[in-house]
Amino acid sequence: MRNLRLLVVISGLLLLRGCSPLPTSLVVTEELPSLTTEDYTNLEDDTTTPFVPKPTDGGPSQLCDYNPCREGQSSCEELSQSTGCLCPGHTLEDEAPGAPSLKAVSWNGSEVVVRWCAPYSHVKAYIVTVGGLQKQEFGWDKRSGVVQELSRETEVCIVARNDAGDSEKSCMMYGPTDSSLPLTAGLIGGGLGFLLLLLLAVLLWRSRRQKKQEAHVSMSSTDGRH
């Protein structure tokens, strides 16, 4: 009987031990946010695309305020050095310049004027030739020049020059223009009119002289009869 009680007590203790929870280790995991395809694209853009600042107004992306046909202005290379602007296609002083563009050879009152536009090159002087003979030199900042009066059709050419050499020629044929013809006709007409007036004056003078002589002869004949 005593042994039976002991077995019951031991069995109860075992049952109580089996029902109690055993200590376990807790593992806490932190959930990471899931990344979508769009997120990966944004990450790639942020890491691979460099930031390029936009040029400011007046920066080196602007062309120089340079007109190749305007007279008395600074050269394009000087403007580029002072402001950082661009001279597209501008050749340097160690290269022969490009050809200037001859725009007009015209009669202007009492003289013939040659007008041209500069090349995008380093230029020290412009040389104008008339008929391949006459040569006149003009400064690098000039865009026009006066040449001798041209009374007949002839070829007028211009070249640009620097220390590296001369450019190709730009030429134009010139003949007396309509504006010069009225002046020539006026001079000729004026000369002919003066000659006609002089001839008329001489004829009138001779006619009066002849009448005086006839009157004198008539008076002499009348006196002789008396």
# chains A, B, ... in the order shown; residues from 1 in each chain; ligands from 1
call {"tool": "residues_around", "arguments": {"residues": "range 64-66 of chain A", "least_positions_apart": "5", "cutoff": "7 Å", "atoms": "only C-alpha atoms", "output": "PyMOL selection string"}}
result
chain A and resi 76+79-80+85-87
call {"tool": "write_last_selection", "arguments": {"atoms": "all heavy atoms", "output": "PDB file, in the first residue's frame"}}
result
ATOM      1  N   CYS A  76      36.980  88.836 -84.326  1.00  0.00           N
ATOM      2  CA  CYS A  76      36.251  87.773 -83.639  1.00  0.00           C
ATOM      3  C   CYS A  76      37.142  87.073 -82.607  1.00  0.00           C
ATOM      4  O   CYS A  76      36.684  86.684 -81.536  1.00  0.00           O
ATOM      5  CB  CYS A  76      35.719  86.760 -84.659  1.00  0.00           C
ATOM      6  SG  CYS A  76      34.458  85.643 -84.000  1.00  0.00           S
ATOM      7  N   LEU A  79      37.187  89.166 -79.453  1.00  0.00           N
ATOM      8  CA  LEU A  79      35.945  88.983 -78.706  1.00  0.00           C
ATOM      9  C   LEU A  79      35.930  87.647 -77.975  1.00  0.00           C
ATOM     10  O   LEU A  79      35.475  87.550 -76.832  1.00  0.00           O
ATOM     11  CB  LEU A  79      34.745  89.076 -79.657  1.00  0.00           C
ATOM     12  CG  LEU A  79      34.471  90.438 -80.292  1.00  0.00           C
ATOM     13  CD1 LEU A  79      33.349  90.320 -81.316  1.00  0.00           C
ATOM     14  CD2 LEU A  79      34.108  91.462 -79.240  1.00  0.00           C
ATOM     15  N   SER A  80      36.459  86.608 -78.618  1.00  0.00           N
ATOM     16  CA  SER A  80      36.487  85.286 -78.005  1.00  0.00           C
ATOM     17  C   SER A  80      37.395  85.267 -76.783  1.00  0.00           C
ATOM     18  O   SER A  80      37.073  84.668 -75.758  1.00  0.00           O
ATOM     19  CB  SER A  80      36.955  84.250 -79.031  1.00  0.00           C
ATOM     20  OG  SER A  80      37.030  82.979 -78.457  1.00  0.00           O
ATOM     21  N   CYS A  85      33.278  83.776 -75.919  1.00  0.00           N
ATOM     22  CA  CYS A  85      32.318  83.360 -76.947  1.00  0.00           C
ATOM     23  C   CYS A  85      33.019  82.519 -78.006  1.00  0.00           C
ATOM     24  O   CYS A  85      34.246  82.364 -77.996  1.00  0.00           O
ATOM     25  CB  CYS A  85      31.654  84.595 -77.564  1.00  0.00           C
ATOM     26  SG  CYS A  85      32.813  85.721 -78.389  1.00  0.00           S
ATOM     27  N   LEU A  86      32.242  81.991 -78.934  1.00  0.00           N
ATOM     28  CA  LEU A  86      32.762  81.098 -79.961  1.00  0.00           C
ATOM     29  C   LEU A  86      32.840  81.779 -81.314  1.00  0.00           C
ATOM     30  O   LEU A  86      31.954  82.528 -81.695  1.00  0.00           O
ATOM     31  CB  LEU A  86      31.873  79.848 -80.074  1.00  0.00           C
ATOM     32  CG  LEU A  86      31.780  78.963 -78.827  1.00  0.00           C
ATOM     33  CD1 LEU A  86      30.839  77.809 -79.104  1.00  0.00           C
ATOM     34  CD2 LEU A  86      33.145  78.452 -78.422  1.00  0.00           C
ATOM     35  N   CYS A  87      33.920  81.508 -82.048  1.00  0.00           N
ATOM     36  CA  CYS A  87      34.073  81.937 -83.442  1.00  0.00           C
ATOM     37  C   CYS A  87      34.071  80.679 -84.300  1.00  0.00           C
ATOM     38  O   CYS A  87      35.119  80.043 -84.467  1.00  0.00           O
ATOM     39  CB  CYS A  87      35.379  82.704 -83.645  1.00  0.00           C
ATOM     40  SG  CYS A  87      35.435  84.303 -82.831  1.00  0.00           S
TER      41      CYS A  87
END
call {"tool": "select_by_dssp", "arguments": {"residues": "range 43-211 of chain A", "states": "alpha helix (DSSP H)", "output": "ChimeraX atom specification"}}
result
/A:43-48,76-83,180-211
call {"tool": "select_by_dssp", "arguments": {"residues": "range 42-203 of chain A", "states": "strand (DSSP E)", "output": "PyMOL selection string"}}
result
chain A and resi 101-108+111-117+125-130+134-139+144-147+154-162+165-166+170-174
call {"tool": "write_last_selection", "arguments": {"atoms": "N, CA and C atoms", "output": "tab-separated table (two decimals), in the first residue's frame"}}
result
chain	number	residue	atom	x	y	z
A	101	SER	N	34.79	87.90	-99.08
A	101	SER	CA	33.68	87.87	-100.03
A	101	SER	C	33.47	89.26	-100.61
A	102	LEU	N	33.80	89.43	-101.90
A	102	LEU	CA	33.62	90.72	-102.57
A	102	LEU	C	32.14	90.92	-102.86
A	103	LYS	N	31.54	91.97	-102.27
A	103	LYS	CA	30.10	92.18	-102.35
A	103	LYS	C	29.69	93.16	-103.45
A	104	ALA	N	30.45	94.24	-103.64
A	104	ALA	CA	30.01	95.26	-104.60
A	104	ALA	C	31.20	96.11	-105.03
A	105	VAL	N	31.16	96.54	-106.29
A	105	VAL	CA	32.06	97.55	-106.83
A	105	VAL	C	31.15	98.57	-107.51
A	106	SER	N	31.00	99.74	-106.92
A	106	SER	CA	29.97	100.67	-107.39
A	106	SER	C	30.50	102.09	-107.48
A	107	TRP	N	29.85	102.86	-108.34
A	107	TRP	CA	30.14	104.27	-108.50
A	107	TRP	C	29.41	105.05	-107.42
A	108	ASN	N	30.15	105.87	-106.69
A	108	ASN	CA	29.55	106.63	-105.59
A	108	ASN	C	29.93	108.10	-105.73
A	111	GLU	N	33.68	108.69	-107.18
A	111	GLU	CA	34.69	107.68	-106.94
A	111	GLU	C	34.07	106.29	-107.01
A	112	VAL	N	34.94	105.29	-107.19
A	112	VAL	CA	34.51	103.89	-107.24
A	112	VAL	C	34.83	103.26	-105.88
A	113	VAL	N	33.82	102.66	-105.26
A	113	VAL	CA	33.95	102.08	-103.92
A	113	VAL	C	33.83	100.56	-104.01
A	114	VAL	N	34.78	99.88	-103.37
A	114	VAL	CA	34.78	98.42	-103.29
A	114	VAL	C	34.33	98.03	-101.88
A	115	ARG	N	33.40	97.08	-101.78
A	115	ARG	CA	32.90	96.62	-100.49
A	115	ARG	C	33.05	95.10	-100.40
A	116	TRP	N	33.43	94.61	-99.21
A	116	TRP	CA	33.63	93.18	-99.02
A	116	TRP	C	33.28	92.76	-97.59
A	117	CYS	N	33.22	91.43	-97.37
A	117	CYS	CA	33.02	90.85	-96.04
A	117	CYS	C	34.23	90.00	-95.69
A	125	ALA	N	45.66	92.35	-93.34
A	125	ALA	CA	45.42	93.38	-94.35
A	125	ALA	C	44.61	92.79	-95.50
A	126	TYR	N	43.99	93.70	-96.27
A	126	TYR	CA	43.28	93.33	-97.50
A	126	TYR	C	43.95	94.03	-98.67
A	127	ILE	N	44.14	93.29	-99.77
A	127	ILE	CA	44.78	93.82	-100.97
A	127	ILE	C	43.76	93.81	-102.10
A	128	VAL	N	43.51	95.00	-102.67
A	128	VAL	CA	42.57	95.15	-103.78
A	128	VAL	C	43.37	95.39	-105.06
A	129	THR	N	43.08	94.64	-106.12
A	129	THR	CA	43.72	94.83	-107.41
A	129	THR	C	42.67	95.18	-108.45
A	130	VAL	N	43.05	96.06	-109.37
A	130	VAL	CA	42.17	96.48	-110.46
A	130	VAL	C	42.85	96.14	-111.77
A	134	GLN	N	46.80	97.63	-110.69
A	134	GLN	CA	46.73	98.52	-109.53
A	134	GLN	C	46.53	97.73	-108.25
A	135	LYS	N	47.32	98.03	-107.22
A	135	LYS	CA	47.19	97.36	-105.93
A	135	LYS	C	47.06	98.40	-104.83
A	136	GLN	N	46.04	98.22	-104.00
A	136	GLN	CA	45.85	99.08	-102.84
A	136	GLN	C	45.65	98.23	-101.61
A	137	GLU	N	46.28	98.63	-100.50
A	137	GLU	CA	46.21	97.87	-99.26
A	137	GLU	C	45.32	98.59	-98.25
A	138	PHE	N	44.47	97.82	-97.57
A	138	PHE	CA	43.56	98.36	-96.57
A	138	PHE	C	43.73	97.57	-95.26
A	139	GLY	N	43.42	98.22	-94.14
A	139	GLY	CA	43.60	97.61	-92.83
A	139	GLY	C	42.68	96.43	-92.58
A	144	SER	N	35.55	98.31	-96.73
A	144	SER	CA	35.32	99.05	-97.97
A	144	SER	C	36.56	99.89	-98.26
A	145	GLY	N	36.71	100.27	-99.53
A	145	GLY	CA	37.84	101.10	-99.93
A	145	GLY	C	37.58	101.77	-101.27
A	146	VAL	N	38.22	102.90	-101.48
A	146	VAL	CA	38.05	103.67	-102.71
A	146	VAL	C	39.21	103.37	-103.64
A	147	VAL	N	38.90	103.10	-104.90
A	147	VAL	CA	39.92	102.87	-105.93
A	147	VAL	C	39.80	103.96	-106.99
A	154	THR	N	36.42	96.31	-116.29
A	154	THR	CA	37.65	95.70	-115.82
A	154	THR	C	37.36	94.79	-114.64
A	155	GLU	N	38.31	93.93	-114.26
A	155	GLU	CA	38.15	92.99	-113.17
A	155	GLU	C	38.74	93.57	-111.88
A	156	VAL	N	37.95	93.52	-110.83
A	156	VAL	CA	38.39	93.98	-109.50
A	156	VAL	C	38.44	92.75	-108.59
A	157	CYS	N	39.58	92.57	-107.89
A	157	CYS	CA	39.75	91.40	-107.02
A	157	CYS	C	40.24	91.85	-105.64
A	158	ILE	N	40.02	91.00	-104.64
A	158	ILE	CA	40.48	91.26	-103.28
A	158	ILE	C	40.98	89.96	-102.67
A	159	VAL	N	42.07	90.05	-101.89
A	159	VAL	CA	42.59	88.91	-101.13
A	159	VAL	C	42.82	89.36	-99.70
A	160	ALA	N	42.76	88.40	-98.76
A	160	ALA	CA	43.11	88.64	-97.36
A	160	ALA	C	44.54	88.15	-97.14
A	161	ARG	N	45.26	88.82	-96.25
A	161	ARG	CA	46.68	88.50	-96.03
A	161	ARG	C	47.00	88.46	-94.54
A	162	ASN	N	47.84	87.49	-94.15
A	162	ASN	CA	48.47	87.49	-92.84
A	162	ASN	C	49.89	86.96	-93.00
A	165	GLY	N	50.47	83.91	-95.30
A	165	GLY	CA	50.28	83.99	-96.74
A	165	GLY	C	49.01	84.72	-97.13
A	166	ASP	N	48.65	84.58	-98.42
A	166	ASP	CA	47.46	85.23	-98.97
A	166	ASP	C	46.35	84.21	-99.18
A	170	SER	N	38.85	86.85	-104.53
A	170	SER	CA	37.42	87.02	-104.76
A	170	SER	C	37.28	88.18	-105.75
A	171	CYS	N	36.69	87.92	-106.91
A	171	CYS	CA	36.72	88.90	-108.01
A	171	CYS	C	35.32	89.23	-108.50
A	172	MET	N	35.25	90.38	-109.21
A	172	MET	CA	34.00	90.85	-109.79
A	172	MET	C	34.33	91.75	-110.98
A	173	MET	N	33.56	91.59	-112.06
A	173	MET	CA	33.73	92.47	-113.21
A	173	MET	C	32.99	93.78	-112.96
A	174	TYR	N	33.65	94.88	-113.32
A	174	TYR	CA	33.04	96.20	-113.14
A	174	TYR	C	33.05	96.95	-114.46
call {"tool": "closest_residue", "arguments": {"among": "A:Pro68, A:Pro97, A:Pro88, A:Gly189", "to": "Lys124 in chain A", "atoms": "only C-alpha atoms"}}
result
A:Pro97
